[in-house]
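Q: Structure file start-v4.txt (compact mmCIF, C-alpha atoms) is given on the next line.
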```txt
# COMPACT_ATOMS: atom_id res chain seq x y z
CA MET L 127 45.82 38.16 108.12
CA GLN L 128 48.37 35.39 108.64
CA HIS L 129 50.58 34.22 105.79
CA GLU L 130 51.58 30.65 105.13
CA PRO L 131 54.06 29.66 107.85
CA ILE L 132 57.74 30.11 107.13
CA ALA L 133 59.44 26.71 107.21
CA LEU L 134 62.49 27.27 109.40
CA ASP L 135 65.81 26.29 107.88
CA THR L 136 67.04 23.95 110.61
CA THR L 137 70.58 24.09 109.20
CA GLY L 138 70.79 27.80 110.09
CA THR L 139 72.19 28.96 106.76
CA ASP L 140 70.88 32.52 107.17
CA ILE L 141 69.58 32.90 110.72
CA GLN L 142 69.54 36.71 110.78
CA GLY L 143 67.96 37.06 107.35
CA GLU L 144 65.31 34.49 108.19
CA SER L 145 64.46 36.12 111.52
CA ALA L 146 64.17 39.50 109.77
CA ARG L 147 61.68 37.98 107.32
CA ILE L 148 59.69 36.54 110.22
CA ARG L 149 59.76 39.88 112.09
CA ALA L 150 58.53 41.70 108.97
CA ARG L 151 55.25 39.77 109.27
CA GLY L 152 54.47 41.20 112.69
CA PRO L 153 55.28 40.69 116.37
CA VAL L 154 54.20 37.05 116.18
CA SER L 155 54.09 34.88 113.10
CA LEU L 156 53.56 31.23 112.31
CA VAL L 157 56.61 29.15 111.48
CA GLU L 158 57.03 25.48 110.71
CA LEU L 159 59.44 23.28 112.66
CA PRO L 160 60.80 19.90 111.52
CA GLY L 161 58.09 17.39 110.78
CA GLY L 162 55.64 20.14 109.85
CA VAL L 163 55.07 21.07 113.51
CA PRO L 164 53.62 24.62 113.73
CA ALA L 165 54.72 27.23 116.27
CA TRP L 166 54.30 30.94 116.83
CA SER L 167 57.60 32.78 116.48
CA VAL L 168 57.84 35.90 118.67
CA THR L 169 60.31 38.49 117.35
CA ASP L 170 58.94 41.62 119.06
CA ALA L 171 61.18 42.28 122.08
CA THR L 172 58.48 43.87 124.25
CA VAL L 173 55.95 41.14 123.49
CA LEU L 174 58.54 38.43 124.06
CA LYS L 175 59.60 39.85 127.43
CA SER L 176 55.97 40.10 128.49
CA LEU L 177 55.33 36.47 127.56
CA LEU L 178 58.53 35.24 129.21
CA ALA L 179 57.80 37.12 132.43
CA GLY L 180 54.19 36.09 132.94
CA PRO L 181 52.21 32.93 133.71
CA GLN L 182 50.37 32.99 130.37
CA VAL L 183 53.00 30.75 128.76
CA SER L 184 54.42 27.47 130.00
CA LYS L 185 57.43 25.30 129.16
CA ASP L 186 55.73 22.08 130.28
CA PRO L 187 54.44 20.14 127.25
CA ARG L 188 52.83 17.49 129.43
CA GLN L 189 50.46 20.08 130.89
CA HIS L 190 50.10 22.68 128.16
CA TRP L 191 51.00 21.54 124.62
CA THR L 192 47.95 20.03 122.98
CA ALA L 193 49.93 18.24 120.25
CA PHE L 194 52.19 16.62 122.85
CA ILE L 195 49.30 15.62 125.11
CA ASN L 196 47.46 14.10 122.14
CA GLY L 197 50.46 11.97 121.19
CA GLU L 198 51.20 13.84 117.97
CA ILE L 199 54.75 14.63 119.17
CA THR L 200 56.54 11.30 119.32
CA GLU L 201 60.03 10.23 120.34
CA ASP L 202 61.20 10.26 116.72
CA TRP L 203 60.58 14.01 116.40
CA PRO L 204 64.06 15.64 116.03
CA LEU L 205 63.37 18.17 118.81
CA HIS L 206 61.82 15.66 121.22
CA SER L 207 64.80 15.80 123.58
CA TRP L 208 64.38 19.58 123.84
CA VAL L 209 60.80 19.36 125.09
CA ALA L 210 60.60 16.02 126.92
CA VAL L 211 63.34 16.52 129.51
CA ASP L 212 62.31 16.77 133.15
CA ASN L 213 64.12 19.76 134.63
CA MET L 214 63.85 23.54 135.12
CA PHE L 215 63.87 24.01 131.34
CA THR L 216 60.45 22.39 130.97
CA ALA L 217 58.90 23.13 134.36
CA TYR L 218 56.02 25.52 135.05
CA GLY L 219 54.70 27.37 138.07
CA ALA L 220 55.27 25.75 141.45
CA GLY L 221 57.20 22.90 139.84
CA HIS L 222 59.64 25.34 138.29
CA ARG L 223 60.03 27.27 141.54
CA ARG L 224 60.82 24.03 143.38
CA LEU L 225 63.47 22.95 140.87
CA ARG L 226 65.07 26.37 140.59
CA LYS L 227 65.31 26.60 144.39
CA LEU L 228 67.05 23.22 144.49
CA VAL L 229 69.50 24.08 141.69
CA ALA L 230 70.27 27.71 142.60
CA PRO L 231 72.79 26.87 145.37
CA ALA L 232 75.09 25.45 142.70
CA PHE L 233 75.21 28.85 140.96
CA THR L 234 75.75 31.24 143.84
CA HIS L 235 77.94 34.32 143.39
CA ARG L 236 80.54 32.67 145.63
CA ARG L 237 80.73 29.52 143.52
CA THR L 238 80.91 31.52 140.28
CA ALA L 239 83.57 33.92 141.60
CA ALA L 240 85.59 30.99 142.92
CA LEU L 241 86.00 29.78 139.34
CA ARG L 242 87.91 32.91 138.28
CA SER L 243 91.36 31.50 138.97
CA ARG L 244 90.52 28.24 137.18
CA ILE L 245 89.16 30.10 134.14
CA GLU L 246 92.35 32.17 134.04
CA ALA L 247 94.51 29.06 134.31
CA ILE L 248 92.56 27.12 131.66
CA THR L 249 92.75 30.12 129.33
CA GLU L 250 96.53 30.44 129.71
CA ILE L 251 97.11 26.70 129.22
CA LEU L 252 95.09 26.70 125.99
CA LEU L 253 96.82 29.85 124.72
CA ASP L 254 100.18 28.25 125.52
CA ASP L 255 99.18 25.23 123.45
CA LEU L 256 98.30 27.50 120.53
CA SER L 257 101.46 29.57 120.79
CA VAL L 258 103.63 26.71 119.47
CA THR L 259 101.72 26.71 116.15
CA PRO L 260 104.25 27.15 113.31
CA ARG L 261 104.22 30.63 111.81
CA GLY L 262 102.01 30.77 108.73
CA GLU L 263 99.89 27.77 109.77
CA SER L 264 96.21 28.50 110.34
CA VAL L 265 94.23 27.14 113.28
CA ASP L 266 90.51 26.75 113.91
CA PHE L 267 90.14 29.13 116.84
CA ARG L 268 86.63 27.88 117.63
CA ALA L 269 87.65 24.24 117.91
CA ARG L 270 91.09 24.83 119.44
CA PHE L 271 90.10 27.54 121.91
CA ALA L 272 86.56 28.97 122.10
CA TYR L 273 85.12 25.44 122.30
CA LEU L 274 87.59 24.18 124.89
CA VAL L 275 87.39 26.94 127.50
CA PRO L 276 83.72 26.55 128.51
CA ILE L 277 83.67 22.75 128.26
CA GLN L 278 86.66 22.53 130.60
CA VAL L 279 85.16 25.08 132.99
CA LEU L 280 81.85 23.21 133.04
CA SER L 281 83.56 19.85 133.42
CA GLU L 282 85.32 21.15 136.54
CA LEU L 283 82.14 22.82 137.80
CA MET L 284 80.23 19.56 137.38
CA GLY L 285 82.99 17.27 138.61
CA VAL L 286 83.23 15.31 135.33
CA PRO L 287 85.99 12.68 135.55
CA GLU L 288 88.47 12.48 132.69
CA HIS L 289 87.11 9.24 131.22
CA LEU L 290 83.65 10.80 130.68
CA GLY L 291 84.79 14.17 129.33
CA SER L 292 85.31 13.32 125.66
CA PRO L 293 82.13 11.24 125.08
CA ILE L 294 80.00 13.88 126.84
CA ARG L 295 81.46 16.57 124.57
CA THR L 296 80.52 14.52 121.51
CA CYS L 297 76.91 14.30 122.72
CA VAL L 298 76.76 18.04 123.45
CA ASP L 299 77.76 18.73 119.84
CA GLY L 300 75.02 16.40 118.60
CA PHE L 301 72.36 18.09 120.72
CA PHE L 302 72.64 21.26 118.61
CA ASP L 303 73.27 19.65 115.22
CA GLY L 304 70.43 20.65 112.89
CA SER L 305 71.41 18.02 110.31
CA PHE L 306 70.67 15.04 112.59
CA THR L 307 67.97 12.62 111.53
CA PRO L 308 65.29 11.79 114.13
CA GLU L 309 67.07 8.47 114.74
CA GLN L 310 70.43 10.18 115.28
CA ALA L 311 68.89 12.77 117.61
CA ARG L 312 67.20 10.07 119.69
CA ALA L 313 70.35 7.93 119.87
CA ASN L 314 72.39 10.97 120.89
CA TYR L 315 69.93 11.82 123.67
CA LEU L 316 69.96 8.28 125.02
CA GLU L 317 73.75 8.15 124.98
CA MET L 318 74.02 11.46 126.79
CA TYR L 319 71.48 10.32 129.37
CA ARG L 320 73.57 7.19 129.94
CA LEU L 321 76.78 9.19 130.32
CA ILE L 322 75.28 11.72 132.76
CA SER L 323 73.77 8.85 134.76
CA GLU L 324 77.27 7.39 134.93
CA LEU L 325 78.57 10.76 136.15
CA VAL L 326 75.94 10.77 138.92
CA ALA L 327 76.87 7.24 139.95
CA TYR L 328 80.56 8.20 140.02
CA ARG L 329 79.94 11.26 142.20
CA ARG L 330 77.73 9.26 144.58
CA GLU L 331 80.74 7.05 145.21
CA THR L 332 83.30 9.88 145.20
CA PRO L 333 81.55 13.14 146.17
CA GLY L 334 83.43 16.41 145.91
CA ASP L 335 82.92 20.17 145.94
CA ASP L 336 81.21 20.20 142.56
CA LEU L 337 77.77 20.87 141.12
CA THR L 338 76.88 17.21 140.65
CA SER L 339 77.70 16.39 144.28
CA VAL L 340 75.78 19.46 145.47
CA LEU L 341 72.68 18.46 143.51
CA ILE L 342 72.86 14.88 144.73
CA ALA L 343 72.89 16.10 148.32
CA THR L 344 70.52 19.05 147.96
CA ARG L 345 67.16 18.91 149.73
CA ASP L 346 64.24 21.29 149.63
CA GLU L 347 64.21 23.03 153.01
CA ASP L 348 60.43 23.21 153.06
CA ASP L 349 59.40 19.61 152.54
CA GLY L 350 62.63 17.65 152.44
CA SER L 351 62.06 16.38 148.89
CA ARG L 352 65.06 15.56 146.77
CA LEU L 353 65.39 15.97 143.08
CA THR L 354 64.15 12.76 141.53
CA GLU L 355 66.77 10.73 139.69
CA LYS L 356 65.42 11.80 136.29
CA GLU L 357 65.25 15.45 137.38
CA LEU L 358 68.84 15.24 138.56
CA VAL L 359 70.15 13.74 135.33
CA ASP L 360 68.07 16.04 133.13
CA THR L 361 69.20 19.08 135.16
CA LEU L 362 72.85 18.18 134.64
CA MET L 363 72.16 17.69 130.94
CA LEU L 364 70.59 21.15 130.87
CA VAL L 365 73.59 22.74 132.60
CA ILE L 366 76.16 21.31 130.24
CA ASN L 367 74.15 21.78 127.03
CA ALA L 368 72.99 25.31 127.79
CA GLY L 369 76.17 26.44 129.51
CA HIS L 370 78.59 25.15 126.92
CA GLU L 371 77.16 26.03 123.53
CA THR L 372 76.07 29.54 124.51
CA THR L 373 79.49 30.48 125.88
CA VAL L 374 81.30 28.98 122.88
CA ASN L 375 79.16 31.13 120.59
CA LEU L 376 79.66 34.25 122.70
CA LEU L 377 83.45 33.89 122.55
CA ASP L 378 83.39 32.94 118.88
CA GLN L 379 81.15 35.85 117.84
CA ALA L 380 83.03 38.43 119.97
CA ILE L 381 86.39 37.40 118.50
CA PHE L 382 84.93 37.43 114.99
CA ALA L 383 83.48 40.90 115.61
CA LEU L 384 86.92 42.28 116.49
CA LEU L 385 88.72 40.48 113.68
CA THR L 386 86.36 42.09 111.18
CA ARG L 387 86.35 45.58 112.77
CA PRO L 388 89.94 46.83 113.06
CA GLN L 389 89.03 50.30 114.37
CA LEU L 390 86.87 48.87 117.15
CA ARG L 391 89.56 46.33 117.95
CA ALA L 392 92.14 49.09 118.40
CA GLU L 393 89.81 51.08 120.67
CA ILE L 394 89.09 48.06 122.89
CA VAL L 395 92.67 46.79 123.08
CA GLU L 396 93.87 50.32 123.94
CA GLY L 397 91.26 50.60 126.68
CA ARG L 398 89.13 53.33 125.09
CA VAL L 399 86.11 50.99 125.00
CA PRO L 400 85.37 48.55 127.85
CA TRP L 401 85.42 44.84 127.12
CA THR L 402 82.05 44.58 128.88
CA ASP L 403 80.49 46.80 126.19
CA LEU L 404 81.82 44.44 123.52
CA VAL L 405 80.35 41.46 125.36
CA GLU L 406 76.88 42.98 125.74
CA GLU L 407 76.69 44.19 122.13
CA THR L 408 77.84 40.76 120.94
CA LEU L 409 75.09 39.13 123.00
CA ARG L 410 72.58 41.51 121.43
CA PHE L 411 73.86 41.49 117.85
CA GLU L 412 74.51 37.75 117.55
CA SER L 413 72.51 36.06 120.28
CA PRO L 414 74.25 32.73 121.09
CA VAL L 415 70.85 31.02 120.96
CA ALA L 416 68.82 31.94 117.89
CA HIS L 417 65.48 30.20 118.46
CA LEU L 418 64.69 28.44 121.73
CA PRO L 419 62.19 25.54 121.75
CA MET L 420 59.54 25.66 123.26
CA ARG L 421 56.77 27.39 125.17
CA TYR L 422 52.99 26.88 125.12
CA ALA L 423 49.95 29.08 125.58
CA VAL L 424 48.26 28.31 128.93
CA ASP L 425 45.15 30.14 127.72
CA ASP L 426 44.22 32.05 124.56
CA ILE L 427 46.55 35.03 124.03
CA GLU L 428 45.69 38.04 121.85
CA ILE L 429 48.66 39.90 120.31
CA ASP L 430 48.18 42.65 117.74
CA GLY L 431 45.02 41.08 116.38
CA ILE L 432 46.49 37.58 116.31
CA ARG L 433 45.09 34.89 118.58
CA ILE L 434 47.46 32.25 119.91
CA ARG L 435 45.12 29.55 121.08
CA LYS L 436 45.42 27.63 124.31
CA GLY L 437 47.78 24.68 123.86
CA GLU L 438 49.61 26.04 120.82
CA ALA L 439 53.42 26.13 120.68
CA ILE L 440 55.48 29.33 120.92
CA LEU L 441 59.09 29.74 119.78
CA ALA L 442 61.20 32.47 121.36
CA CYS L 443 63.16 34.12 118.53
CA TYR L 444 66.00 35.72 120.46
CA VAL L 445 67.93 36.82 117.36
CA GLY L 446 64.84 38.59 116.06
CA ALA L 447 63.97 40.27 119.35
CA ASN L 448 67.56 41.38 119.89
CA ARG L 449 67.48 43.31 116.63
CA ASP L 450 64.01 44.76 117.14
CA PRO L 451 64.24 48.34 115.78
CA LYS L 452 61.50 49.47 118.16
CA VAL L 453 63.96 48.85 121.01
CA HIS L 454 67.36 49.26 119.38
CA GLY L 455 66.54 51.88 116.73
CA ALA L 456 66.99 52.05 112.99
CA THR L 457 70.59 50.83 113.32
CA ALA L 458 69.61 47.59 115.09
CA ASP L 459 71.30 45.58 112.33
CA GLU L 460 74.62 47.35 112.93
CA PHE L 461 77.25 46.37 115.51
CA ASP L 462 77.71 49.36 117.81
CA VAL L 463 79.31 48.98 121.24
CA THR L 464 78.23 52.52 122.16
CA ARG L 465 74.57 51.63 121.65
CA PRO L 466 72.63 52.78 124.77
CA THR L 467 70.43 49.68 124.59
CA ARG L 468 73.28 47.15 124.14
CA ASP L 469 72.47 45.44 127.45
CA GLN L 470 68.71 45.41 126.86
CA HIS L 471 68.80 42.03 125.17
CA VAL L 472 67.22 38.66 125.88
CA ALA L 473 70.27 36.55 125.04
CA PHE L 474 69.97 34.80 128.42
CA GLY L 475 66.18 34.71 128.40
CA HIS L 476 63.94 36.78 130.63
CA GLY L 477 61.68 36.36 133.64
CA VAL L 478 61.50 33.22 135.74
CA HIS L 479 63.52 31.19 133.24
CA HIS L 480 66.39 33.70 133.00
CA CYS L 481 69.60 31.69 132.75
CA LEU L 482 71.19 30.91 136.12
CA GLY L 483 74.56 30.58 134.40
CA ALA L 484 74.57 34.06 132.82
CA PRO L 485 77.08 35.47 135.38
CA LEU L 486 79.45 32.57 134.65
CA ALA L 487 79.26 33.14 130.88
CA ARG L 488 79.98 36.85 131.36
CA LEU L 489 82.86 36.06 133.71
CA GLU L 490 84.41 33.70 131.17
CA ALA L 491 84.13 36.30 128.40
CA ALA L 492 85.58 39.04 130.62
CA ILE L 493 88.64 36.89 131.36
CA VAL L 494 89.12 35.16 128.03
CA LEU L 495 88.73 37.94 125.46
CA PRO L 496 91.41 40.34 126.80
CA ALA L 497 93.77 37.38 127.28
CA VAL L 498 93.40 36.32 123.63
CA PHE L 499 94.32 39.71 122.22
CA ARG L 500 97.13 40.22 124.72
CA ARG L 501 98.71 36.93 123.73
CA PHE L 502 98.07 37.27 120.00
CA PRO L 503 98.00 41.01 119.17
CA ASN L 504 98.26 40.23 115.43
CA LEU L 505 95.48 37.63 115.36
CA ARG L 506 93.72 37.71 111.98
CA LEU L 507 91.28 35.68 109.92
CA ALA L 508 92.85 33.10 107.62
CA VAL L 509 89.96 33.37 105.13
CA ALA L 510 87.66 36.13 103.95
CA ALA L 511 84.95 36.95 106.52
CA SER L 512 82.30 35.89 104.01
CA LYS L 513 83.80 32.38 103.93
CA VAL L 514 83.29 31.81 107.67
CA GLU L 515 80.18 29.60 107.70
CA PRO L 516 77.50 29.25 110.40
CA VAL L 517 77.07 26.14 112.53
CA VAL L 518 74.49 23.67 111.24
CA SER L 519 71.67 24.55 113.62
CA PHE L 520 68.66 26.82 113.96
CA VAL L 521 69.12 26.93 117.75
CA SER L 522 72.86 27.56 118.05
CA ASN L 523 74.20 30.78 116.49
CA GLY L 524 77.93 30.53 115.95
CA HIS L 525 80.48 29.59 113.30
CA ARG L 526 81.26 26.11 112.08
CA THR L 527 84.96 26.99 112.13
CA LEU L 528 86.92 30.16 112.87
CA PRO L 529 90.17 29.84 110.88
CA VAL L 530 92.85 32.32 111.97
CA TYR L 531 96.52 33.08 111.78
CA LEU L 532 97.98 33.79 115.20
CA ALA L 533 100.78 36.03 113.92
CA GLY L 534 100.79 39.00 111.53
CA GLU L 535 101.39 39.05 107.81
CA GLU L 536 104.35 37.07 106.58
```
Once more with this new file: its structure as structure tokens, please.

A:
Amino acid sequence: MQHEPIALDTTGTDIQGESARIRARGPVSLVELPGGVPAWSVTDATVLKSLLAGPQVSKDPRQHWTAFINGEITEDWPLHSWVAVDNMFTAYGAGHRRLRKLVAPAFTHRRTAALRSRIEAITEILLDDLSVTPRGESVDFRARFAYLVPIQVLSELMGVPEHLGSPIRTCVDGFFDGSFTPEQARANYLEMYRLISELVAYRRETPGDDLTSVLIATRDEDDGSRLTEKELVDTLMLVINAGHETTVNLLDQAIFALLTRPQLRAEIVEGRVPWTDLVEETLRFESPVAHLPMRYAVDDIEIDGIRIRKGEAILACYVGANRDPKVHGATADEFDVTRPTRDQHVAFGHGVHHCLGAPLARLEAAIVLPAVFRRFPNLRLAVAASKVEPVVSFVSNGHRTLPVYLAGEE
């Protein structure tokens, strides 16, 4: 028997507690999104992986979401920009395969590996900037460092000119802000679309060895079709939104994990525990994306006696699935870098929509985290851990600020 749907707290005050309450109701449970829009939240890791890997769910609302097709989901819905974009994120079947094939050349192993030296340089420049902070003065390590590394890496990857960098960053922040009104969300989407269109126009005039230029020039080898203009702009919006916020949260949560676990910190800094184990357990324990809108049932789906009807919406609850005790054991709610299942998470999705940028995010973390603790071996929180508040979002899972002292006790 289904309970009344849980109305999701879109400000993300207690993401882990809320997902645990949803998971306690079963592998799938009804939740309510802004505007009273219903969706099935999937917190069971095995069920979620099965759904993400197969053709029984779609990300295309135009084909498969009854409420969208019927006009019930309008442009003033706060999450409209999440579902109405025209890129890999919302494509299904052959359409998705076509778009992924066109975009994949921009994320080859060679292109990702080639960014190593730039990530190292960006990291050192930002750490140098922080090192002049007067002793005893706290800094927001999220805003002053964890935020800046991925946005600068992505800006270089995408070929963003300096004059567009700051306004694009402002729009990225707004995309994940759970406190936005429908009007603010719509205005933010339109402004970002305008800015990315300007980026495309700039790179058409001045092409370079960057993702934007590659996508402009890319053709499908089979039929010669280009990305349409809207697909191109929406794809670039996807890259910067998905690639930035997730990596910021990964760095933020990994640093927070070490600052609140001195024994683990010592073991990692001394080389007794690999940094890669910290990264994977952070991805599992605090998935950078909490809930990911949206998927839709292509046909009726039966799960544990519950029927998800054709055309109904499905919400992937990554934070819930990543703490599923059936996969990660009775200690799933504990942070344990020795956990055998630490890399069996869905932080980057699963199946055909698995994130193309996952290797880049891991590369950034592998470079950045050791550099931080080498440069600032006495890094410590400037407030009690309980005072570090979450970002205002039910999609993004990070901290609003991460106040630290760079040096030891006075």

Q: Point out the residue among L:Arg268, L:His289, L:Lys185, L:Arg468 with the least atom-to-atom distance to Ser413 of chain L, counting only C-alpha atoms.

A: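 Nearest candidate to Ser413 of chain L out of L:Arg268, L:His289, L:Lys185, L:Arg468: L:Arg468.
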
Q: Can you tell me which residues surround His190 of chain L at a distance of at most 8 Å, considering all atoms listed in the file, apart from same-chain residues fewer than 2 positions away, and format the answer as a short mmCIF file (atom, residue, chain, number, x, y, z; two decimals) with C-alpha atoms, keeping the file's coordinate frame?

A:
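Just written: around.cif:
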```cif
data_model
loop_
_atom_site.label_atom_id
_atom_site.label_comp_id
_atom_site.auth_asym_id
_atom_site.auth_seq_id
_atom_site.Cartn_x
_atom_site.Cartn_y
_atom_site.Cartn_z
CA SER L 184 54.42 27.47 130.00
CA LYS L 185 57.43 25.30 129.16
CA ASP L 186 55.73 22.08 130.28
CA PRO L 187 54.44 20.14 127.25
CA ARG L 188 52.83 17.49 129.43
CA THR L 192 47.95 20.03 122.98
CA ILE L 195 49.30 15.62 125.11
CA TYR L 422 52.99 26.88 125.12
CA ALA L 423 49.95 29.08 125.58
CA VAL L 424 48.26 28.31 128.93
CA LYS L 436 45.42 27.63 124.31
CA GLY L 437 47.78 24.68 123.86
#
```

Q: Between L:Ala458, L:Arg330, L:His525, L:Gln189, which residue has the minimum interatomic distance to Gly221 of chain L, considering only C-alpha atoms?

A: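 Closest to Gly221 of chain L, using only C-alpha atoms: L:Gln189.
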
Q: What's the separation between atom CA of Thr338 of chain L and atom CA of Val359 of chain L, in Å to one decimal place?

A: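 Separation between atom CA of Thr338 of chain L and atom CA of Val359 of chain L: 9.3 Å.
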
Q: Kindly give the distance, in Å, that separates atom CA of Leu252 of chain L and atom CA of Arg270 of chain L, rounded to a single decimal.

A: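 Value for the atom CA of Leu252 of chain L-atom CA of Arg270 of chain L distance: 7.9 Å.
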